[in-house]
>>> print(open('input_34.txt').read())   # compact mmCIF, C-alpha atoms and all ligand atoms
# COMPACT_ATOMS: atom_id res chain seq x y z
CA MET X 737 0.00 0.00 0.00
CA ALA X 738 1.28 3.46 -0.86
CA ASP X 739 2.43 5.55 2.07
CA VAL X 740 0.17 8.61 2.29
CA LYS X 741 1.88 11.55 3.87
CA ARG X 742 -0.09 13.14 6.69
CA LYS X 743 -0.47 16.84 6.95
CA THR X 744 0.83 18.25 10.21
CA MET X 745 -0.62 21.24 12.03
CA HIS X 746 1.10 24.42 13.05
CA VAL X 747 0.21 26.42 16.17
CA ASN X 748 0.83 30.14 15.97
CA SER X 749 1.88 30.86 19.56
CA ALA X 750 1.38 34.57 19.09
CA LEU X 751 -2.33 33.97 18.43
CA CYS X 752 -2.99 31.07 20.81
CA ALA X 753 -4.71 32.08 24.06
CA GLY X 754 -4.43 28.65 25.66
CA CYS X 755 -8.20 28.23 25.94
CA GLY X 756 -8.02 24.44 25.41
CA LEU X 757 -10.91 24.18 22.93
CA CYS X 758 -8.66 22.47 20.39
CA LEU X 759 -7.50 20.03 23.01
CA ASN X 760 -11.04 18.81 23.58
CA SER X 761 -11.70 18.54 19.84
CA CYS X 762 -8.80 16.22 19.09
CA PRO X 763 -9.75 12.55 18.62
CA LYS X 764 -6.15 11.44 19.08
CA ASN X 765 -5.19 13.38 22.21
CA ALA X 766 -2.43 14.93 20.16
CA ILE X 767 -2.78 18.38 21.72
CA SER X 768 -1.55 19.56 25.06
CA ILE X 769 -1.18 22.96 26.67
CA HIS X 770 2.29 24.11 27.69
CA LEU X 771 2.91 27.52 29.21
CA ASN X 772 -0.63 28.51 28.18
CA LYS X 773 -0.03 27.62 24.52
CA ALA X 774 -1.29 24.66 22.51
CA ARG X 775 1.28 22.13 21.41
CA ILE X 776 0.64 19.36 18.87
CA ASP X 777 2.33 15.97 18.88
CA ASP X 778 2.86 15.25 15.17
CA SER X 779 3.32 11.54 15.83
CA ARG X 780 -0.29 11.30 17.05
CA CYS X 781 -1.95 13.79 14.70
CA ILE X 782 -4.02 12.27 11.87
CA GLY X 783 -4.65 15.57 10.11
CA CYS X 784 -8.43 15.66 10.68
CA GLN X 785 -8.33 19.44 11.25
CA ASN X 786 -10.92 19.45 14.03
CA CYS X 787 -8.55 21.71 15.91
CA VAL X 788 -8.21 24.07 12.95
CA ASN X 789 -11.97 24.43 12.71
CA VAL X 790 -12.64 24.85 16.41
CA CYS X 791 -10.00 27.45 17.27
CA PRO X 792 -11.74 30.83 17.69
CA LEU X 793 -8.50 32.68 17.07
CA ASN X 794 -7.42 30.81 13.94
CA ALA X 795 -4.20 29.94 15.73
CA ILE X 796 -3.88 26.49 14.14
CA THR X 797 -3.19 26.02 10.45
CA PRO X 798 -2.17 23.03 8.35
CA ASN X 799 1.46 23.09 7.33
CA ASP X 800 1.19 23.82 3.62
CA SER X 801 4.70 22.56 3.01
CA ASP X 802 3.46 19.02 3.78
CA ASP X 803 1.20 18.98 0.76
CA SER X 804 2.46 18.57 -2.76
CA SER X 805 -0.88 18.43 -4.57
CA GLY X 806 -1.19 22.18 -5.02
CA THR X 807 -4.92 22.04 -4.28
CA TRP X 808 -4.65 22.34 -0.53
CA LYS X 809 -4.02 26.06 -0.36
CA VAL X 810 -7.23 26.92 -2.24
CA LYS X 811 -9.27 24.54 -0.09
CA ASP X 812 -7.71 25.88 3.09
CA LEU X 813 -8.32 29.45 2.00
CA ARG X 814 -11.98 28.70 1.28
CA ASN X 815 -12.39 27.13 4.72
CA ARG X 816 -10.79 30.12 6.38
CA ILE X 817 -12.95 32.57 4.45
CA GLU X 818 -16.04 30.59 5.45
CA ARG X 819 -15.03 30.71 9.12
CA ILE X 820 -14.36 34.44 8.92
CA ARG X 821 -17.80 34.95 7.32
CA GLU X 822 -19.44 32.99 10.14
CA LYS X 823 -17.63 35.07 12.74
CA ILE X 824 -18.64 38.32 11.03
CA SER X 825 -22.27 37.14 11.02
CA GLN X 826 -22.08 36.27 14.70
CA LEU X 827 -20.57 39.66 15.50
CA SER X 828 -23.23 41.44 13.44
CA ARG X 829 -25.98 39.62 15.31
CA SER X 830 -24.38 40.55 18.63
CA VAL X 831 -24.15 44.20 17.60
CA GLU X 832 -27.81 44.19 16.52
CA LYS X 833 -28.84 42.71 19.87
CA LEU X 834 -26.88 45.40 21.71
CA LYS X 835 -28.54 48.12 19.63
CA THR X 836 -32.02 46.97 20.62
CA ARG X 837 -31.26 47.13 24.32
S1 LIG X 901 -8.33 26.60 20.51
FE1 LIG X 901 -6.85 28.03 19.59
S2 LIG X 901 -6.54 29.61 21.16
FE2 LIG X 901 -7.48 27.84 22.18
S3 LIG X 901 -5.73 26.62 22.94
FE3 LIG X 901 -6.25 25.81 20.93
S4 LIG X 901 -4.91 26.91 19.51
FE4 LIG X 901 -4.92 28.06 21.41
S1 LIG X 902 -5.63 17.72 13.11
FE1 LIG X 902 -7.00 16.35 14.26
S2 LIG X 902 -5.63 14.78 15.09
FE2 LIG X 902 -4.32 16.49 14.47
S3 LIG X 902 -4.08 17.72 16.31
FE3 LIG X 902 -5.81 18.58 15.16
S4 LIG X 902 -7.63 17.59 16.03
FE4 LIG X 902 -5.82 16.37 16.66
>>> encode(input="input_34.txt", output="structure tokens")
Amino acid sequence: MADVKRKTMHVNSALCAGCGLCLNSCPKNAISIHLNKARIDDSRCIGCQNCVNVCPLNAITPNDSDDSSGTWKVKDLRNRIERIREKISQLSRSVEKLKTR
């Protein structure tokens, strides 16, 4: 069977607030918190991207250098845009609620 290379995840420590949401989303217990920052054990990670999707600060991203297909960046960008749109909608709804108070 061909060896399929897994994509690893990168934590941007400058963005990570250590909230632990990603830790709870990981099916492989690959994430731990050290000094209030998430840390990912590449040997456990299966590349499911639950952590990428759950992080409210977009602090976790797939390592693009792991992928040679050339299609990943577009897909990743679309996912990120979709998450940003959702957050903008949430913020808009919150602002509208505040206005009616
Ligand atoms: S969910 Fe994001 S901000 Fe929270 S610990 Fe994980 S990487 Fe850091
Ligand atoms: S990609 Fe999946 S397996 Fe890897 S650290 Fe994130 S949640 Fe865990």
>>> atom_distance(input="input_34.txt", atom1="CA of His746 in chain X", atom2="CA of Thr797 in chain X")
5.3 Å
>>> closest_residue(input="input_34.txt", among="X:Leu771, X:Ala753, X:Ala766, X:Leu827", to="ligand LIG 901 (chain X)", atoms="only C-alpha atoms and all ligand atoms")
X:Ala753
>>> residues_near_ligand(input="input_34.txt", ligand="ligand LIG 902 (chain X)", cutoff="9 Å", atoms="only C-alpha atoms and all ligand atoms", output="PyMOL selection string")
chain X and resi 743-745+758-767+775-778+780-790+796+798
>>> atom_distance(input="input_34.txt", atom1="CA of Cys752 in chain X", atom2="atom FE3 of ligand LIG 901 (chain X)")
6.2 Å
>>> closest_atom_pairs(input="input_34.txt", of="chain X", to="ligand LIG 901 (chain X)", cutoff="6 Å", atoms="only C-alpha atoms and all ligand atoms", output="tab-separated table")
residue	atom	partner	partner_atom	distance
X:Cys752	CA	X:LIG901	FE4	3.6
X:Ala753	CA	X:LIG901	S2	4.2
X:Gly754	CA	X:LIG901	S3	3.6
X:Cys755	CA	X:LIG901	FE2	3.8
X:Gly756	CA	X:LIG901	S3	4.0
X:Leu757	CA	X:LIG901	S1	4.3
X:Cys758	CA	X:LIG901	S1	4.1
X:Lys773	CA	X:LIG901	FE4	5.8
X:Ala774	CA	X:LIG901	S3	4.9
X:Cys791	CA	X:LIG901	S1	3.7
X:Pro792	CA	X:LIG901	FE1	5.9
X:Leu793	CA	X:LIG901	S2	5.5
X:Ala795	CA	X:LIG901	S4	4.9
X:Ile796	CA	X:LIG901	S4	5.5
>>> atom_distance(input="input_34.txt", atom1="CA of Asn772 in chain X", atom2="CA of Ile817 in chain X")
27.0 Å
>>> axis_aligned_box(input="input_34.txt", around="range 767-786 of chain X", padding_each_side="3 Å", output="lines of an AutoDock Vina configuration file")
center_x = -3.8
center_y = 19.9
center_z = 19.7
size_x = 20.2
size_y = 23.2
size_z = 25.1
>>> closest_residue(input="input_34.txt", among="X:Arg821, X:Asn794, X:Ser779, X:Arg829", to="Val747 in chain X", atoms="only C-alpha atoms")
X:Asn794
